[in-house]
>>> print(open('model-v2.txt').read())   # compact mmCIF, C-alpha atoms and all ligand atoms
# COMPACT_ATOMS: atom_id res chain seq x y z
CA MET I 1 126.82 91.29 -133.10
CA LYS I 2 125.04 91.50 -129.74
CA ASN I 3 127.64 89.15 -128.35
CA LYS I 4 130.48 91.25 -129.76
CA LYS I 5 129.01 94.40 -128.20
CA SER I 6 128.83 92.88 -124.75
CA ILE I 7 132.40 91.65 -125.06
CA LEU I 8 133.40 95.18 -126.05
CA GLY I 9 131.43 96.53 -123.05
CA LEU I 10 133.25 94.15 -120.74
CA ASN I 11 136.57 95.18 -122.20
CA ILE I 12 135.88 98.85 -121.60
CA ALA I 13 134.74 98.12 -118.03
CA GLY I 14 137.89 96.05 -117.56
CA LEU I 15 140.07 98.88 -118.84
CA VAL I 16 138.45 101.33 -116.41
CA VAL I 17 139.14 98.97 -113.50
CA LEU I 18 142.70 98.41 -114.71
CA SER I 19 143.45 102.11 -115.12
CA SER I 20 142.05 102.94 -111.66
CA LEU I 21 144.23 100.18 -110.21
CA LEU I 22 147.26 101.64 -111.98
CA MET I 23 146.58 105.03 -110.37
CA GLN I 24 146.64 103.38 -106.93
CA ALA I 25 150.23 102.73 -105.99
CA GLU I 26 151.21 99.32 -104.62
CA ALA I 27 151.81 99.39 -100.87
CA LYS I 28 155.48 98.91 -100.09
CA THR I 29 157.82 98.69 -97.13
CA VAL I 30 160.06 101.69 -96.61
CA LYS I 31 163.10 101.48 -94.34
CA VAL I 32 163.96 104.76 -92.63
CA THR I 33 167.03 105.15 -90.41
CA MET I 34 167.93 108.30 -88.53
CA HIS I 35 170.79 109.20 -86.22
CA ALA I 36 170.25 111.45 -83.23
CA VAL I 37 173.26 113.79 -83.40
CA GLU I 38 174.19 116.78 -81.23
CA ALA I 39 176.00 119.34 -83.37
CA ASP I 40 176.83 123.04 -83.78
CA LEU I 41 174.62 124.47 -86.51
CA PRO I 42 174.02 127.95 -87.93
CA PHE I 43 170.66 129.55 -87.11
CA ASP I 44 171.00 132.74 -89.19
CA ASN I 45 172.36 133.96 -92.53
CA LYS I 46 175.55 135.27 -90.87
CA GLY I 47 176.46 131.75 -89.81
CA ASN I 48 176.14 132.26 -86.05
CA THR I 49 175.83 128.82 -84.46
CA TYR I 50 174.24 127.16 -81.44
CA ARG I 51 174.45 123.68 -79.97
CA ALA I 52 171.61 121.93 -81.78
CA TRP I 53 170.15 118.49 -81.13
CA THR I 54 169.21 116.97 -84.46
CA PHE I 55 168.11 114.06 -86.57
CA ASP I 56 170.96 113.29 -88.98
CA GLY I 57 172.87 116.46 -88.09
CA LYS I 58 170.43 118.89 -89.70
CA VAL I 59 167.50 121.12 -88.76
CA PRO I 60 164.88 120.28 -89.89
CA GLY I 61 165.60 116.56 -89.99
CA PRO I 62 165.40 114.54 -93.22
CA VAL I 63 162.19 114.54 -95.24
CA VAL I 64 160.45 111.18 -95.10
CA ARG I 65 158.12 110.54 -98.02
CA VAL I 66 155.93 107.47 -98.42
CA THR I 67 152.58 106.58 -99.98
CA GLU I 68 149.37 105.94 -98.07
CA GLY I 69 149.27 102.27 -97.07
CA ASP I 70 153.05 101.85 -96.99
CA THR I 71 154.75 100.21 -94.04
CA VAL I 72 157.53 102.24 -92.45
CA GLU I 73 160.30 100.29 -90.74
CA PHE I 74 161.95 102.93 -88.61
CA THR I 75 165.33 102.72 -86.88
CA LEU I 76 166.68 105.38 -84.52
CA ILE I 77 170.35 105.28 -83.60
CA ASN I 78 171.42 107.61 -80.81
CA ASP I 79 174.99 108.61 -81.66
CA LYS I 80 177.48 107.39 -79.07
CA GLU I 81 178.88 110.94 -78.83
CA SER I 82 175.47 112.27 -77.68
CA LYS I 83 175.19 113.67 -74.17
CA ASN I 84 171.43 113.02 -73.97
CA SER I 85 168.79 110.37 -74.50
CA HIS I 86 166.59 110.85 -77.57
CA SER I 87 163.50 109.33 -79.15
CA MET I 88 161.19 109.61 -82.14
CA ASP I 89 157.48 110.41 -82.30
CA PHE I 90 155.92 110.26 -85.79
CA HIS I 91 152.52 111.92 -85.88
CA ALA I 92 151.69 109.67 -88.86
CA ALA I 93 151.98 106.55 -86.68
CA ARG I 94 149.48 104.77 -84.46
CA LEU I 95 151.52 102.88 -81.87
CA ASP I 96 152.25 102.61 -78.15
CA VAL I 97 153.67 105.86 -76.76
CA VAL I 98 155.35 104.06 -73.86
CA GLU I 99 156.98 101.24 -75.80
CA ASP I 100 157.63 102.73 -79.22
CA PHE I 101 158.28 106.40 -78.51
CA ASP I 102 160.51 105.62 -75.52
CA SER I 103 163.93 107.28 -75.18
CA ILE I 104 167.20 105.57 -75.91
CA LYS I 105 170.58 106.36 -74.38
CA PRO I 106 173.70 107.38 -76.34
CA GLY I 107 174.95 104.42 -78.37
CA GLU I 108 171.60 102.60 -78.29
CA THR I 109 169.33 101.67 -81.21
CA LYS I 110 165.54 101.44 -81.36
CA LYS I 111 163.27 100.06 -84.08
CA TYR I 112 159.55 100.15 -84.67
CA THR I 113 157.17 99.66 -87.56
CA PHE I 114 153.95 101.41 -88.52
CA THR I 115 151.66 101.68 -91.52
CA ALA I 116 151.01 105.13 -92.95
CA ASP I 117 147.22 104.76 -93.04
CA HIS I 118 146.29 108.42 -93.41
CA PRO I 119 147.48 110.58 -96.31
CA GLY I 120 148.84 114.03 -95.58
CA VAL I 121 151.73 115.86 -94.00
CA PHE I 122 152.67 115.00 -90.44
CA PHE I 123 155.09 116.41 -87.92
CA TYR I 124 157.76 114.27 -86.31
CA HIS I 125 159.89 115.11 -83.30
CA CYS I 126 161.96 113.85 -80.41
CA GLY I 127 159.76 113.34 -77.36
CA SER I 128 162.47 112.87 -74.74
CA ASP I 129 162.30 114.74 -71.47
CA PRO I 130 162.17 117.73 -71.40
CA MET I 131 160.39 117.65 -74.74
CA ILE I 132 160.21 121.46 -74.90
CA GLN I 133 164.01 121.56 -75.08
CA HIS I 134 164.48 118.66 -77.50
CA ILE I 135 162.08 120.34 -79.94
CA ALA I 136 163.45 123.86 -79.41
CA ARG I 137 166.98 122.63 -80.10
CA GLY I 138 165.98 121.22 -83.48
CA MET I 139 164.76 117.63 -83.26
CA PHE I 140 161.88 117.78 -85.72
CA GLY I 141 160.85 117.30 -89.33
CA VAL I 142 158.00 116.12 -91.53
CA ILE I 143 156.77 112.93 -93.12
CA ILE I 144 154.71 113.35 -96.27
CA VAL I 145 152.25 110.54 -96.91
CA ASP I 146 151.15 110.90 -100.54
CA PRO I 147 147.58 109.74 -101.21
CA LYS I 148 147.45 106.31 -102.86
CA ASP I 149 145.07 107.80 -105.43
CA SER I 150 147.43 110.05 -107.37
CA ASN I 151 144.44 112.13 -108.51
CA ALA I 152 143.19 112.89 -104.99
CA LEU I 153 144.90 116.29 -105.07
CA PRO I 154 145.32 118.63 -108.04
CA LYS I 155 148.77 118.16 -109.54
CA ALA I 156 151.35 120.46 -107.97
CA ASP I 157 153.88 122.14 -110.26
CA ARG I 158 156.29 122.74 -107.39
CA GLU I 159 156.46 121.74 -103.74
CA TYR I 160 158.14 123.36 -100.76
CA ILE I 161 158.45 122.42 -97.11
CA LEU I 162 158.42 125.11 -94.42
CA ILE I 163 158.71 124.32 -90.73
CA GLN I 164 158.31 127.03 -88.12
CA SER I 165 160.22 126.90 -84.84
CA GLU I 166 161.49 129.15 -82.07
CA TYR I 167 165.06 130.21 -81.39
CA TYR I 168 166.02 130.65 -77.75
CA ALA I 169 169.17 132.66 -77.00
CA ASN I 170 170.45 130.10 -74.52
CA PRO I 171 169.44 126.56 -75.55
CA ASP I 172 170.66 125.19 -72.20
CA ASP I 173 168.15 127.35 -70.31
CA LYS I 174 164.89 125.40 -69.99
CA LYS I 175 163.32 128.21 -67.98
CA ILE I 176 163.31 130.67 -70.90
CA MET I 177 161.56 127.99 -72.94
CA MET I 178 158.93 127.46 -70.23
CA ASP I 179 158.57 131.27 -70.07
CA ASN I 180 158.14 131.32 -73.87
CA ASP I 181 160.91 133.91 -73.96
CA TRP I 182 162.12 133.22 -77.50
CA THR I 183 164.19 135.75 -79.41
CA ASN I 184 163.37 134.72 -83.01
CA ILE I 185 160.96 132.66 -85.04
CA MET I 186 162.56 130.64 -87.81
CA PHE I 187 161.47 128.83 -90.93
CA ASN I 188 163.48 125.66 -91.65
CA GLY I 189 165.92 126.39 -88.83
CA GLY I 190 167.02 129.86 -89.92
CA VAL I 191 166.14 133.45 -89.02
CA PHE I 192 164.99 135.26 -92.21
CA LYS I 193 166.49 132.26 -94.04
CA TYR I 194 164.53 132.95 -97.25
CA ASP I 195 164.12 136.71 -96.89
CA PRO I 196 166.61 138.92 -98.79
CA VAL I 197 164.29 141.90 -98.18
CA HIS I 198 164.82 141.99 -94.40
CA ASP I 199 168.26 140.39 -94.37
CA SER I 200 170.74 141.37 -97.08
CA GLU I 201 172.77 138.26 -96.22
CA ALA I 202 169.94 135.90 -97.21
CA THR I 203 170.91 134.10 -100.40
CA ARG I 204 167.95 131.74 -100.74
CA TRP I 205 164.25 132.12 -101.50
CA LEU I 206 161.44 130.08 -103.01
CA GLN I 207 160.76 130.26 -106.75
CA ALA I 208 157.88 129.48 -109.11
CA LYS I 209 156.32 130.70 -112.34
CA PRO I 210 153.06 132.65 -112.54
CA GLY I 211 150.13 130.25 -112.93
CA GLU I 212 151.94 127.32 -111.34
CA ARG I 213 150.32 125.49 -108.45
CA VAL I 214 152.82 125.74 -105.62
CA ARG I 215 152.19 123.28 -102.81
CA VAL I 216 153.55 124.26 -99.41
CA TYR I 217 153.83 121.57 -96.74
CA PHE I 218 153.90 123.57 -93.53
CA ALA I 219 154.53 122.23 -90.05
CA ASN I 220 154.75 124.12 -86.81
CA ALA I 221 157.39 122.65 -84.51
CA GLY I 222 156.80 125.31 -81.85
CA PRO I 223 157.47 124.27 -79.17
CA ASN I 224 155.16 127.08 -77.98
CA GLU I 225 154.00 129.57 -80.63
CA PHE I 226 151.00 129.23 -82.92
CA SER I 227 151.35 130.31 -86.55
CA SER I 228 148.88 132.49 -88.44
CA LEU I 229 150.22 131.65 -91.86
CA HIS I 230 149.56 134.18 -94.61
CA PRO I 231 151.09 134.72 -98.07
CA ILE I 232 151.44 138.53 -98.30
CA ALA I 233 150.06 139.66 -101.70
CA GLY I 234 148.56 136.22 -102.26
CA ILE I 235 145.69 133.97 -101.14
CA TRP I 236 145.88 130.29 -100.29
CA ASP I 237 144.05 128.73 -103.23
CA ARG I 238 143.35 125.60 -101.19
CA VAL I 239 144.15 124.53 -97.67
CA TYR I 240 144.19 120.90 -96.55
CA PRO I 241 144.44 120.57 -92.75
CA SER I 242 146.86 117.74 -91.94
CA GLY I 243 147.27 117.48 -95.71
CA ASN I 244 144.37 115.06 -96.08
CA PRO I 245 142.64 115.52 -99.48
CA LYS I 246 139.27 115.11 -97.73
CA ASN I 247 139.91 118.25 -95.63
CA VAL I 248 139.74 121.06 -98.16
CA MET I 249 139.12 124.79 -97.82
CA TYR I 250 139.23 127.40 -100.58
CA GLY I 251 140.40 131.00 -100.85
CA MET I 252 141.92 131.31 -97.38
CA GLN I 253 143.91 134.41 -96.33
CA THR I 254 145.44 132.83 -93.25
CA TYR I 255 145.40 129.43 -91.70
CA VAL I 256 146.28 128.93 -88.05
CA VAL I 257 148.60 126.06 -87.30
CA GLY I 258 149.24 125.11 -83.70
CA PRO I 259 152.43 123.58 -82.36
CA GLY I 260 152.71 119.97 -83.47
CA ASP I 261 150.32 120.45 -86.37
CA ALA I 262 150.90 120.47 -90.11
CA VAL I 263 148.96 121.55 -93.18
CA THR I 264 149.16 121.49 -96.95
CA LEU I 265 148.51 124.83 -98.67
CA ASP I 266 148.38 125.59 -102.39
CA LEU I 267 149.41 128.97 -103.74
CA ILE I 268 148.99 130.25 -107.31
CA SER I 269 150.10 133.68 -108.46
CA PRO I 270 148.47 135.07 -111.62
CA VAL I 271 151.27 137.63 -111.98
CA GLU I 272 155.06 137.96 -111.85
CA GLY I 273 156.37 139.42 -108.60
CA ALA I 274 156.79 138.25 -105.03
CA ASN I 275 154.70 136.98 -102.14
CA ALA I 276 156.02 136.85 -98.59
CA ILE I 277 154.82 133.86 -96.60
CA VAL I 278 154.73 134.98 -92.99
CA ASN I 279 153.47 134.14 -89.57
CA HIS I 280 151.14 137.16 -89.40
CA SER I 281 151.55 137.27 -85.64
CA MET I 282 153.83 140.25 -86.07
CA ARG I 283 156.43 139.60 -83.38
CA SER I 284 157.07 136.33 -85.21
CA ALA I 285 157.32 137.92 -88.66
CA HIS I 286 159.51 140.80 -87.47
CA SER I 287 161.92 138.37 -85.81
CA GLY I 288 162.44 136.00 -88.72
CA ALA I 289 159.28 134.09 -89.78
CA VAL I 290 159.28 135.23 -93.42
CA ALA I 291 159.80 133.19 -96.59
CA VAL I 292 159.84 135.13 -99.86
CA ILE I 293 158.58 133.35 -102.96
CA ILE I 294 159.43 134.98 -106.27
CA PHE I 295 157.10 134.30 -109.19
CA SER I 296 158.98 134.74 -112.44
CA ASN I 297 158.81 133.26 -115.91
CA ASP I 298 162.56 132.65 -115.47
CA ALA I 299 162.11 130.59 -112.28
CA ASP I 300 164.82 127.96 -111.81
CA PRO I 301 163.28 124.66 -113.02
CA GLU I 302 165.18 122.75 -110.30
CA MET I 303 163.53 124.63 -107.44
CA GLY I 304 160.54 122.99 -105.80
CA HIS I 305 161.41 119.53 -107.12
CA GLY I 306 163.29 116.52 -105.73
CA GLU I 307 165.75 117.49 -102.99
CA ASN I 308 164.87 121.15 -103.53
CA ILE I 309 161.49 120.89 -101.82
CA LEU I 310 163.36 121.64 -98.60
CA ILE I 311 165.95 124.30 -99.36
CA ARG I 312 168.95 123.77 -97.07
CU CU I 401 166.00 114.44 -78.32
>>> encode(input="model-v2.txt", output="structure tokens", more="lines below")
Ligand SMILES: [Cu+2]
Amino acid sequence: MKNKKSILGLNIAGLVVLSSLLMQAEAKTVKVTMHAVEADLPFDNKGNTYRAWTFDGKVPGPVVRVTEGDTVEFTLINDKESKNSHSMDFHAARLDVVEDFDSIKPGETKKYTFTADHPGVFFYHCGSDPMIQHIARGMFGVIIVDPKDSNALPKADREYILIQSEYYANPDDKKIMMDNDWTNIMFNGGVFKYDPVHDSEATRWLQAKPGERVRVYFANAGPNEFSSLHPIAGIWDRVYPSGNPKNVMYGMQTYVVGPGDAVTLDLISPVEGANAIVNHSMRSAHSGAVAVIIFSNDADPEMGHGENILIR
């Protein structure tokens, strides 16, 4: 009987070990390829365009999502139609800035490999000279590194990505960028992109149901402005600087995100209605840095999942 008990004890211990192993995802190798493409893209809800410099022809660039411990095999191809050299700097990588983040000319290809050792949300951007212009024209995005322990963060019911950046009236004019003379602040490459309140031509906004945990991955591309990020009529339930589960703050009204930084913020509304996520630095909000999130029991189940974590 004693023997049987100890065998049972061992089995239970074994099951605990097994189940904790199952919660820790196997490290894998993820191949990521991006094309540096110069293209005319809209920057407002009217469809006015500017000559953007992009990763894969879109601003922000593609969402990269891996799990802590994964190896990322990255390839950058600078389109042969490009007029400029471009490069890639992943803030999730620990590499050699000279060798790995170096620029490549039109038609050239560059590869490097890194392991995503730290969980969180990290900015990526082109670092070619002048960097201020390559970022201002749209060469940025985020990489999400999910924690290998799937219980490290409370489960999110929906997820959204927001990236703040500046719009300069003449993207060829480096001086107005150095003077910080921007005309609008955008979220995800559009002025009032998710704000039908201030722009009747806006057709998109964020959606969730009351009581759902909405996880916002926010990055500030800048290149110059800080962001004092506040959900009007809401409170950030939790804030994780750089998205690392070990960095947690509770009940925050704003969180300041500098250029090149990123943060994970959780928002829960107890009621139906709307919050407006803004850069509370008012010149930024008044010129386009607003994302409305509507909390409704009829929220579209597709929103905040899969491809719809970054609403194009
Ligand atoms: Cu570039």
>>> residues_near_ligand(input="model-v2.txt", ligand="ligand CU 401 (chain I)", cutoff="10 Å", atoms="only C-alpha atoms and all ligand atoms", output="PyMOL selection string")
chain I and resi 36-38+52-55+78+82+84-88+103-104+125-140
>>> closest_residue(input="model-v2.txt", among="I:Ala289, I:Leu95, I:Ile309, I:Ala233", to="Gly189 in chain I", atoms="all atoms listed in the file")
I:Ala289
>>> closest_residue(input="model-v2.txt", among="I:Pro259, I:Gly306, I:Pro154, I:Pro241", to="Arg213 in chain I", atoms="only C-alpha atoms")
I:Pro154
>>> closest_residue(input="model-v2.txt", among="I:Tyr50, I:Thr29, I:Asp195, I:Asp44", to="Val66 in chain I", atoms="only C-alpha atoms")
I:Thr29
>>> atom_distance(input="model-v2.txt", atom1="CA of Glu159 in chain I", atom2="CA of Gly211 in chain I")
14.0 Å
>>> closest_residue(input="model-v2.txt", among="I:Glu166, I:Asp261, I:Asp157, I:Asp179", to="Met303 in chain I", atoms="all atoms listed in the file")
I:Asp157
>>> residues_around(input="model-v2.txt", residues="Glu73 in chain I", least_positions_apart="2", cutoff="9 Å", atoms="all atoms listed in the file", output="VMD selection string")
chain I and resid 29 to 33 71 75 111 to 115
>>> closest_residue(input="model-v2.txt", among="I:Ala285, I:Ile232, I:Ile161, I:Ala116", to="Val145 in chain I", atoms="only C-alpha atoms")
I:Ala116
>>> residues_around(input="model-v2.txt", residues="range 242-251 of chain I", least_positions_apart="4", cutoff="6 Å", atoms="all atoms listed in the file", output="list in words")
Pro119, Gly120, Val121, Trp236, Asp237, Arg238, Ala262, Val263 and Thr264 of chain I
>>> write_last_selection(input="model-v2.txt", atoms="C-alpha atoms", output="mmCIF file, in the frame of the given file")
data_model
loop_
_atom_site.group_PDB
_atom_site.id
_atom_site.type_symbol
_atom_site.label_atom_id
_atom_site.label_comp_id
_atom_site.auth_asym_id
_atom_site.auth_seq_id
_atom_site.Cartn_x
_atom_site.Cartn_y
_atom_site.Cartn_z
ATOM 1 C CA PRO I 119 147.480 110.580 -96.310
ATOM 2 C CA GLY I 120 148.840 114.030 -95.580
ATOM 3 C CA VAL I 121 151.730 115.860 -94.000
ATOM 4 C CA TRP I 236 145.880 130.290 -100.290
ATOM 5 C CA ASP I 237 144.050 128.730 -103.230
ATOM 6 C CA ARG I 238 143.350 125.600 -101.190
ATOM 7 C CA ALA I 262 150.900 120.470 -90.110
ATOM 8 C CA VAL I 263 148.960 121.550 -93.180
ATOM 9 C CA THR I 264 149.160 121.490 -96.950
#
>>> closest_residue(input="model-v2.txt", among="I:Gly288, I:Pro231, I:Pro270, I:Pro106", to="Asn45 in chain I", atoms="only C-alpha atoms")
I:Gly288
>>> axis_aligned_box(input="model-v2.txt", around="range 88-106 of chain I", padding_each_side="4 Å", output="AutoDock Vina command-line options")
--center_x 161.6 --center_y 106.6 --center_z -81.4 --size_x 32.2 --size_y 18.7 --size_z 23.0
>>> atom_distance(input="model-v2.txt", atom1="CA of Met34 in chain I", atom2="CA of Val290 in chain I")
28.7 Å
>>> residues_around(input="model-v2.txt", residues="Asp181 in chain I", least_positions_apart="6", cutoff="9 Å", atoms="all atoms listed in the file", output="PyMOL selection string")
chain I and resi 168-169+175
>>> residues_around(input="model-v2.txt", residues="Leu206 in chain I", least_positions_apart="3", cutoff="8 Å", atoms="only C-alpha atoms", output="list of chain:residue names")
I:Tyr160, I:Tyr194, I:Ala291, I:Val292, I:Ile293, I:Ile294, I:Met303, I:Gly304
>>> atom_distance(input="model-v2.txt", atom1="CA of Ser165 in chain I", atom2="CA of Ile268 in chain I")
25.3 Å
>>> build_atoms(input="model-v2.txt", residues="range 142-155 of chain I", atoms="N, CA and C atoms", output="PDB file, in the frame of the given file")
ATOM      1  N   VAL I 142     159.311 116.545 -91.035  1.00  0.00           N
ATOM      2  CA  VAL I 142     158.000 116.120 -91.530  1.00  0.00           C
ATOM      3  C   VAL I 142     158.096 114.802 -92.283  1.00  0.00           C
ATOM      4  N   ILE I 143     156.981 114.077 -92.235  1.00  0.00           N
ATOM      5  CA  ILE I 143     156.770 112.930 -93.120  1.00  0.00           C
ATOM      6  C   ILE I 143     155.573 113.276 -93.995  1.00  0.00           C
ATOM      7  N   ILE I 144     155.795 113.156 -95.310  1.00  0.00           N
ATOM      8  CA  ILE I 144     154.710 113.350 -96.270  1.00  0.00           C
ATOM      9  C   ILE I 144     154.190 111.964 -96.654  1.00  0.00           C
ATOM     10  N   VAL I 145     152.890 111.794 -96.504  1.00  0.00           N
ATOM     11  CA  VAL I 145     152.250 110.540 -96.910  1.00  0.00           C
ATOM     12  C   VAL I 145     151.386 110.869 -98.131  1.00  0.00           C
ATOM     13  N   ASP I 146     151.901 110.592 -99.312  1.00  0.00           N
ATOM     14  CA  ASP I 146     151.150 110.900-100.540  1.00  0.00           C
ATOM     15  C   ASP I 146     149.911 109.997-100.615  1.00  0.00           C
ATOM     16  N   PRO I 147     148.781 110.568-101.067  1.00  0.00           N
ATOM     17  CA  PRO I 147     147.580 109.740-101.210  1.00  0.00           C
ATOM     18  C   PRO I 147     147.821 108.603-102.191  1.00  0.00           C
ATOM     19  N   LYS I 148     147.235 107.430-101.921  1.00  0.00           N
ATOM     20  CA  LYS I 148     147.450 106.310-102.860  1.00  0.00           C
ATOM     21  C   LYS I 148     146.762 106.568-104.196  1.00  0.00           C
ATOM     22  N   ASP I 149     145.707 107.360-104.178  1.00  0.00           N
ATOM     23  CA  ASP I 149     145.070 107.800-105.430  1.00  0.00           C
ATOM     24  C   ASP I 149     145.797 109.071-105.888  1.00  0.00           C
ATOM     25  N   SER I 150     146.580 108.922-106.950  1.00  0.00           N
ATOM     26  CA  SER I 150     147.430 110.050-107.370  1.00  0.00           C
ATOM     27  C   SER I 150     146.610 111.223-107.902  1.00  0.00           C
ATOM     28  N   ASN I 151     145.292 111.021-108.073  1.00  0.00           N
ATOM     29  CA  ASN I 151     144.440 112.130-108.510  1.00  0.00           C
ATOM     30  C   ASN I 151     143.657 112.761-107.369  1.00  0.00           C
ATOM     31  N   ALA I 152     143.970 112.371-106.125  1.00  0.00           N
ATOM     32  CA  ALA I 152     143.190 112.890-104.990  1.00  0.00           C
ATOM     33  C   ALA I 152     143.424 114.383-104.766  1.00  0.00           C
ATOM     34  N   LEU I 153     144.593 114.861-105.164  1.00  0.00           N
ATOM     35  CA  LEU I 153     144.900 116.290-105.070  1.00  0.00           C
ATOM     36  C   LEU I 153     145.192 116.802-106.479  1.00  0.00           C
ATOM     37  N   PRO I 154     144.890 118.093-106.743  1.00  0.00           N
ATOM     38  CA  PRO I 154     145.320 118.630-108.040  1.00  0.00           C
ATOM     39  C   PRO I 154     146.843 118.555-108.155  1.00  0.00           C
ATOM     40  N   LYS I 155     147.320 118.326-109.363  1.00  0.00           N
ATOM     41  CA  LYS I 155     148.770 118.160-109.540  1.00  0.00           C
ATOM     42  C   LYS I 155     149.503 119.443-109.173  1.00  0.00           C
TER      43      LYS I 155
END
